[in-house]
Amino acid sequence: MDEIVLKIADISRKMRRLIIEMLSLAGSGHPGGSLSSVEIIASLYFHIMRHNPSHPLWRDRDRFILSKGHSCPTLYAALALSGYFPMDELKTLRKLESILQGHSDRLQTPGVEMSSGSLGQGLSCACGMALGGKLSQEDFFVFCLIGDGETQEGQIWEAAMSASHYKLDNLICFLDYNKLQIDGRVSDVMNIEPIVDKWRAFGWEVMEIDGHNIKEIIEAVDRAKEIKGKPKMIIAHTIKGKGVSFMEGRVEWHGVAPTKEEAERALKELEDGTRSNQGCIWKGIA
């Protein structure tokens, strides 16, 4: 396990650097939520999920749905490092005719399972994929990542209700709980607490982890796969802007790209690894 954790931690640092470089070159985008979800997506693509970059539509692959689509630079970094497309494509983020748009597009980008845009829709799509897998008796898991601000959407709860109704135990969802959204703290804009009780009330198996702790992420998925008869929700407590000191916990960085000078400062920190090795203190602030 230690070797796997070290490998994914190293990949996570590379992904954070790529996110900063992509957004700085594009001059727009969403660094806060992209950086908070790095360890989750890195763990999925580089250890947990069954997938084949040479055959993105391989029928037996596990599926990943990024419902909080504005965090797509994290997914693009994982896909490029996995070999779904050349690394140079990352330089074209948000440009005309690029395969990497500001929200992920399944018709443009190899490895993207769902085009995203309106928040709240990804979990419904994941439910449909999981139900389809059960009906056709196929052996794959569907992973979905939703945001905390996104959890305020009514469609999330319709999907939550249907997932337990159909006993979708091949569906494993992460909640990137960084506690900030575009207009401020989630608790001030529209409080989603008590979030654990709500998911349990909808018939889900619920776990809480530190979303930057790779070992906890892997162990939670291992436990989730063993639980039968219900969908699983992993509430991952994270830090918005994780890894860059002047972005961490700052709502201003929800949807603002770093300038060249800010990007250089961020890349220097990530090169040193001085921030990305710190854990999440969610138990003290939740």
# chains A, B, ... in the order shown; residues from 1 in each chain; ligands from 1
call {"tool": "residues_around", "arguments": {"residues": "region 236-247 of chain A", "least_positions_apart": "6", "cutoff": "7 Å", "atoms": "only C-alpha atoms", "output": "JSON, numbers by chain"}}
result
{"A": [31, 32, 33, 35, 36, 174, 175, 176, 177, 178, 208, 209, 210, 211, 212, 253, 266, 269, 270, 275, 276, 280, 282]}
call {"tool": "write_last_selection", "arguments": {"atoms": "C-alpha atoms", "output": "PDB file, in the first residue's frame"}}
result
ATOM      1  CA  PRO A  31      -8.624  26.285 -10.061  1.00  0.00           C
ATOM      2  CA  GLY A  32     -10.281  25.916  -6.631  1.00  0.00           C
ATOM      3  CA  GLY A  33     -12.475  22.882  -7.265  1.00  0.00           C
ATOM      4  CA  LEU A  35      -7.249  21.308  -7.062  1.00  0.00           C
ATOM      5  CA  SER A  36      -9.542  19.978  -4.325  1.00  0.00           C
ATOM      6  CA  PHE A 174     -17.672  10.833  -4.128  1.00  0.00           C
ATOM      7  CA  LEU A 175     -18.772  14.178  -2.709  1.00  0.00           C
ATOM      8  CA  ASP A 176     -15.934  16.721  -3.018  1.00  0.00           C
ATOM      9  CA  TYR A 177     -16.803  18.550   0.191  1.00  0.00           C
ATOM     10  CA  ASN A 178     -14.526  21.626   0.123  1.00  0.00           C
ATOM     11  CA  GLU A 208     -16.507   9.987   5.549  1.00  0.00           C
ATOM     12  CA  ILE A 209     -12.853  10.376   4.655  1.00  0.00           C
ATOM     13  CA  ASP A 210     -10.104  12.953   4.249  1.00  0.00           C
ATOM     14  CA  GLY A 211     -10.291  13.515   0.494  1.00  0.00           C
ATOM     15  CA  HIS A 212      -6.574  14.261   0.258  1.00  0.00           C
ATOM     16  CA  TRP A 253     -10.239  31.223  -6.602  1.00  0.00           C
ATOM     17  CA  ALA A 266       2.168  28.231  -7.474  1.00  0.00           C
ATOM     18  CA  GLU A 269       5.340  25.682  -4.251  1.00  0.00           C
ATOM     19  CA  LEU A 270       4.197  22.505  -5.980  1.00  0.00           C
ATOM     20  CA  ARG A 275       1.790  22.392   0.573  1.00  0.00           C
ATOM     21  CA  SER A 276       0.579  19.209  -1.067  1.00  0.00           C
ATOM     22  CA  CYS A 280      -7.052  17.966   5.588  1.00  0.00           C
ATOM     23  CA  TRP A 282     -11.952  18.567   8.210  1.00  0.00           C
TER      24      TRP A 282
END
call {"tool": "closest_atom_pairs", "arguments": {"of": "region 215-261 of chain A", "to": "region 11-26 of chain A", "cutoff": "8 Å", "atoms": "only C-alpha atoms", "output": "JSON lines"}}
result
{"residue": "A:Gly243", "atom": "CA", "partner": "A:Arg16", "partner_atom": "CA", "distance": 7.6}
{"residue": "A:Ala257", "atom": "CA", "partner": "A:Leu23", "partner_atom": "CA", "distance": 5.4}
{"residue": "A:Pro258", "atom": "CA", "partner": "A:Ser24", "partner_atom": "CA", "distance": 5.3}
{"residue": "A:Thr259", "atom": "CA", "partner": "A:Ser24", "partner_atom": "CA", "distance": 5.9}
{"residue": "A:Lys260", "atom": "CA", "partner": "A:Ser24", "partner_atom": "CA", "distance": 6.2}
call {"tool": "write_last_selection", "arguments": {"atoms": "N, CA and C atoms", "output": "PDB file, in the first residue's frame"}}
result
ATOM      1  N   GLY A 243      -2.991  22.693  -2.167  1.00  0.00           N
ATOM      2  CA  GLY A 243      -1.642  22.592  -2.697  1.00  0.00           C
ATOM      3  C   GLY A 243      -0.993  23.916  -3.017  1.00  0.00           C
ATOM      4  N   ALA A 257      -8.525  32.329 -13.182  1.00  0.00           N
ATOM      5  CA  ALA A 257      -7.245  31.708 -13.543  1.00  0.00           C
ATOM      6  C   ALA A 257      -6.084  32.524 -12.985  1.00  0.00           C
ATOM      7  N   PRO A 258      -4.986  31.858 -12.634  1.00  0.00           N
ATOM      8  CA  PRO A 258      -3.822  32.601 -12.144  1.00  0.00           C
ATOM      9  C   PRO A 258      -3.128  33.360 -13.272  1.00  0.00           C
ATOM     10  N   THR A 259      -2.594  34.533 -12.934  1.00  0.00           N
ATOM     11  CA  THR A 259      -1.757  35.249 -13.891  1.00  0.00           C
ATOM     12  C   THR A 259      -0.449  34.474 -14.078  1.00  0.00           C
ATOM     13  N   LYS A 260       0.366  34.935 -15.012  1.00  0.00           N
ATOM     14  CA  LYS A 260       1.649  34.273 -15.231  1.00  0.00           C
ATOM     15  C   LYS A 260       2.490  34.287 -13.948  1.00  0.00           C
TER      16      LYS A 260
END
call {"tool": "residues_around", "arguments": {"residues": "Ala220 (chain A)", "least_positions_apart": "6", "cutoff": "12 Å", "atoms": "only C-alpha atoms", "output": "ChimeraX atom specification"}}
result
/A:40,43-44,48,172-174,205-211,213-214,226-227,232-236
call {"tool": "atom_distance", "arguments": {"atom1": "CA of Trp157 (chain A)", "atom2": "CA of Val251 (chain A)"}}
result
25.4 Å
call {"tool": "closest_residue", "arguments": {"among": "A:Asp139, A:Glu89, A:Asp105, A:Glu193", "to": "Leu66 (chain A)", "atoms": "only C-alpha atoms"}}
result
A:Asp105
call {"tool": "closest_atom_pairs", "arguments": {"of": "region 195-230 of chain A", "to": "region 160-166 of chain A", "cutoff": "12 Å", "atoms": "only C-alpha atoms", "output": "JSON lines"}}
result
{"residue": "A:Lys198", "atom": "CA", "partner": "A:Ala160", "partner_atom": "CA", "distance": 9.9}
{"residue": "A:Trp199", "atom": "CA", "partner": "A:Ala160", "partner_atom": "CA", "distance": 7.6}
{"residue": "A:Arg200", "atom": "CA", "partner": "A:Ala160", "partner_atom": "CA", "distance": 10.0}
{"residue": "A:Ala201", "atom": "CA", "partner": "A:Met161", "partner_atom": "CA", "distance": 9.4}
{"residue": "A:Phe202", "atom": "CA", "partner": "A:Met161", "partner_atom": "CA", "distance": 5.7}
{"residue": "A:Gly203", "atom": "CA", "partner": "A:Ser164", "partner_atom": "CA", "distance": 5.4}
{"residue": "A:Trp204", "atom": "CA", "partner": "A:Ser164", "partner_atom": "CA", "distance": 6.4}
{"residue": "A:Glu205", "atom": "CA", "partner": "A:Ser164", "partner_atom": "CA", "distance": 9.6}
{"residue": "A:Lys228", "atom": "CA", "partner": "A:Ser164", "partner_atom": "CA", "distance": 11.3}
{"residue": "A:Gly229", "atom": "CA", "partner": "A:Ser164", "partner_atom": "CA", "distance": 8.2}
{"residue": "A:Lys230", "atom": "CA", "partner": "A:Ser164", "partner_atom": "CA", "distance": 5.6}
call {"tool": "select_by_dssp", "arguments": {"residues": "region 40-266 of chain A", "states": "strand (DSSP E or B)", "output": "compact mmCIF listing (two decimals) with N, CA, C and O atoms, in the first residue's frame"}}
result
# COMPACT_ATOMS: atom_id res chain seq x y z
N ARG A 63 -16.66 3.04 -15.38
CA ARG A 63 -17.02 4.37 -15.88
C ARG A 63 -16.78 5.42 -14.80
O ARG A 63 -17.01 5.17 -13.62
N PHE A 64 -16.33 6.62 -15.26
CA PHE A 64 -16.20 7.75 -14.34
C PHE A 64 -16.97 8.94 -14.89
O PHE A 64 -16.77 9.37 -16.02
N ILE A 65 -17.86 9.49 -14.06
CA ILE A 65 -18.64 10.67 -14.43
C ILE A 65 -18.20 11.84 -13.56
O ILE A 65 -18.34 11.80 -12.33
N LEU A 66 -17.67 12.88 -14.20
CA LEU A 66 -17.34 14.12 -13.49
C LEU A 66 -18.55 15.04 -13.58
O LEU A 66 -18.74 15.75 -14.56
N VAL A 142 -19.52 2.02 -11.71
CA VAL A 142 -19.66 3.41 -12.15
C VAL A 142 -19.26 4.30 -10.98
O VAL A 142 -19.82 4.18 -9.89
N PHE A 143 -18.27 5.16 -11.21
CA PHE A 143 -17.83 6.13 -10.21
C PHE A 143 -18.31 7.51 -10.64
O PHE A 143 -18.28 7.85 -11.82
N CYS A 144 -18.74 8.29 -9.66
CA CYS A 144 -19.25 9.63 -9.97
C CYS A 144 -18.68 10.61 -8.93
O CYS A 144 -18.55 10.26 -7.76
N LEU A 145 -18.30 11.81 -9.37
CA LEU A 145 -17.82 12.84 -8.46
C LEU A 145 -18.74 14.05 -8.55
O LEU A 145 -18.92 14.62 -9.63
N ILE A 146 -19.34 14.41 -7.43
CA ILE A 146 -20.21 15.58 -7.39
C ILE A 146 -19.61 16.62 -6.44
O ILE A 146 -18.77 16.31 -5.59
N GLY A 147 -20.05 17.88 -6.59
CA GLY A 147 -19.57 18.94 -5.72
C GLY A 147 -20.54 19.22 -4.59
O GLY A 147 -21.71 18.80 -4.62
N LEU A 171 -22.66 1.37 -8.07
CA LEU A 171 -22.48 2.82 -8.15
C LEU A 171 -21.78 3.33 -6.89
O LEU A 171 -22.26 3.12 -5.78
N ILE A 172 -20.63 3.98 -7.09
CA ILE A 172 -19.87 4.56 -5.98
C ILE A 172 -19.65 6.03 -6.28
O ILE A 172 -19.05 6.39 -7.29
N CYS A 173 -20.17 6.89 -5.41
CA CYS A 173 -20.11 8.33 -5.63
C CYS A 173 -19.20 8.99 -4.59
O CYS A 173 -19.18 8.58 -3.43
N PHE A 174 -18.45 9.98 -5.03
CA PHE A 174 -17.67 10.83 -4.13
C PHE A 174 -18.33 12.21 -4.06
O PHE A 174 -18.76 12.75 -5.09
N LEU A 175 -18.39 12.78 -2.88
CA LEU A 175 -18.77 14.18 -2.71
C LEU A 175 -17.51 14.95 -2.36
O LEU A 175 -16.89 14.72 -1.32
N ASP A 176 -17.09 15.86 -3.27
CA ASP A 176 -15.93 16.72 -3.02
C ASP A 176 -16.40 17.85 -2.10
O ASP A 176 -16.90 18.88 -2.56
N TYR A 177 -16.22 17.65 -0.80
CA TYR A 177 -16.80 18.55 0.19
C TYR A 177 -15.75 19.57 0.64
O TYR A 177 -15.18 19.46 1.73
N LEU A 180 -16.88 25.38 -0.02
CA LEU A 180 -16.98 26.71 -0.64
C LEU A 180 -17.59 26.58 -2.03
O LEU A 180 -17.33 25.60 -2.74
N GLN A 181 -18.39 27.56 -2.42
CA GLN A 181 -18.93 27.61 -3.77
C GLN A 181 -18.78 29.04 -4.29
O GLN A 181 -18.27 29.91 -3.58
N GLY A 184 -19.71 31.95 -1.94
CA GLY A 184 -19.31 31.96 -0.54
C GLY A 184 -19.29 30.57 0.07
O GLY A 184 -19.15 29.56 -0.62
N ARG A 185 -19.43 30.52 1.41
CA ARG A 185 -19.45 29.23 2.09
C ARG A 185 -20.76 28.50 1.78
O ARG A 185 -21.84 29.11 1.78
N GLU A 205 -25.25 3.73 1.54
CA GLU A 205 -24.18 3.47 2.50
C GLU A 205 -23.25 4.67 2.45
O GLU A 205 -22.81 5.08 1.37
N VAL A 206 -22.96 5.25 3.60
CA VAL A 206 -22.20 6.50 3.62
C VAL A 206 -20.92 6.35 4.44
O VAL A 206 -20.92 5.75 5.52
N MET A 207 -19.83 6.87 3.92
CA MET A 207 -18.55 6.90 4.63
C MET A 207 -18.01 8.33 4.58
O MET A 207 -18.34 9.09 3.67
N GLU A 208 -17.19 8.68 5.55
CA GLU A 208 -16.51 9.99 5.55
C GLU A 208 -15.01 9.77 5.57
O GLU A 208 -14.51 8.95 6.35
N ILE A 209 -14.31 10.50 4.71
CA ILE A 209 -12.85 10.38 4.66
C ILE A 209 -12.22 11.76 4.47
O ILE A 209 -12.90 12.73 4.14
N ASP A 210 -10.91 11.81 4.66
CA ASP A 210 -10.10 12.95 4.25
C ASP A 210 -9.84 12.78 2.75
O ASP A 210 -9.16 11.84 2.34
N LYS A 232 -23.32 3.56 -2.86
CA LYS A 232 -22.38 4.01 -1.83
C LYS A 232 -21.97 5.47 -2.05
O LYS A 232 -21.66 5.87 -3.17
N MET A 233 -21.95 6.26 -0.97
CA MET A 233 -21.51 7.66 -1.00
C MET A 233 -20.29 7.81 -0.12
O MET A 233 -20.33 7.48 1.06
N ILE A 234 -19.20 8.30 -0.70
CA ILE A 234 -17.98 8.59 0.06
C ILE A 234 -17.87 10.11 0.17
O ILE A 234 -17.60 10.79 -0.83
N ILE A 235 -18.12 10.64 1.34
CA ILE A 235 -18.03 12.07 1.57
C ILE A 235 -16.57 12.41 1.85
O ILE A 235 -16.02 12.06 2.90
N ALA A 236 -15.95 13.08 0.88
CA ALA A 236 -14.52 13.36 0.95
C ALA A 236 -14.32 14.81 1.37
O ALA A 236 -14.59 15.74 0.59
N HIS A 237 -13.87 15.01 2.59
CA HIS A 237 -13.60 16.37 3.07
C HIS A 237 -12.30 16.87 2.45
O HIS A 237 -11.26 16.22 2.57
call {"tool": "select_by_dssp", "arguments": {"residues": "region 14-236 of chain A", "states": "helix (DSSP H, G or I)", "output": "ChimeraX atom specification"}}
result
/A:14-26,31-36,38-48,69-82,87-92,122-135,150-152,154-165,186-190,195-201,214-226
call {"tool": "residues_around", "arguments": {"residues": "His103 (chain A)", "least_positions_apart": "6", "cutoff": "6 Å", "atoms": "only C-alpha atoms", "output": "list of chain:residue names"}}
result
A:Gly69, A:His70, A:Ser116
call {"tool": "atom_distance", "arguments": {"atom1": "CA of Ile156 (chain A)", "atom2": "CA of Pro73 (chain A)"}}
result
22.7 Å
call {"tool": "atom_distance", "arguments": {"atom1": "CA of Ala78 (chain A)", "atom2": "CA of Gly154 (chain A)"}}
result
29.6 Å
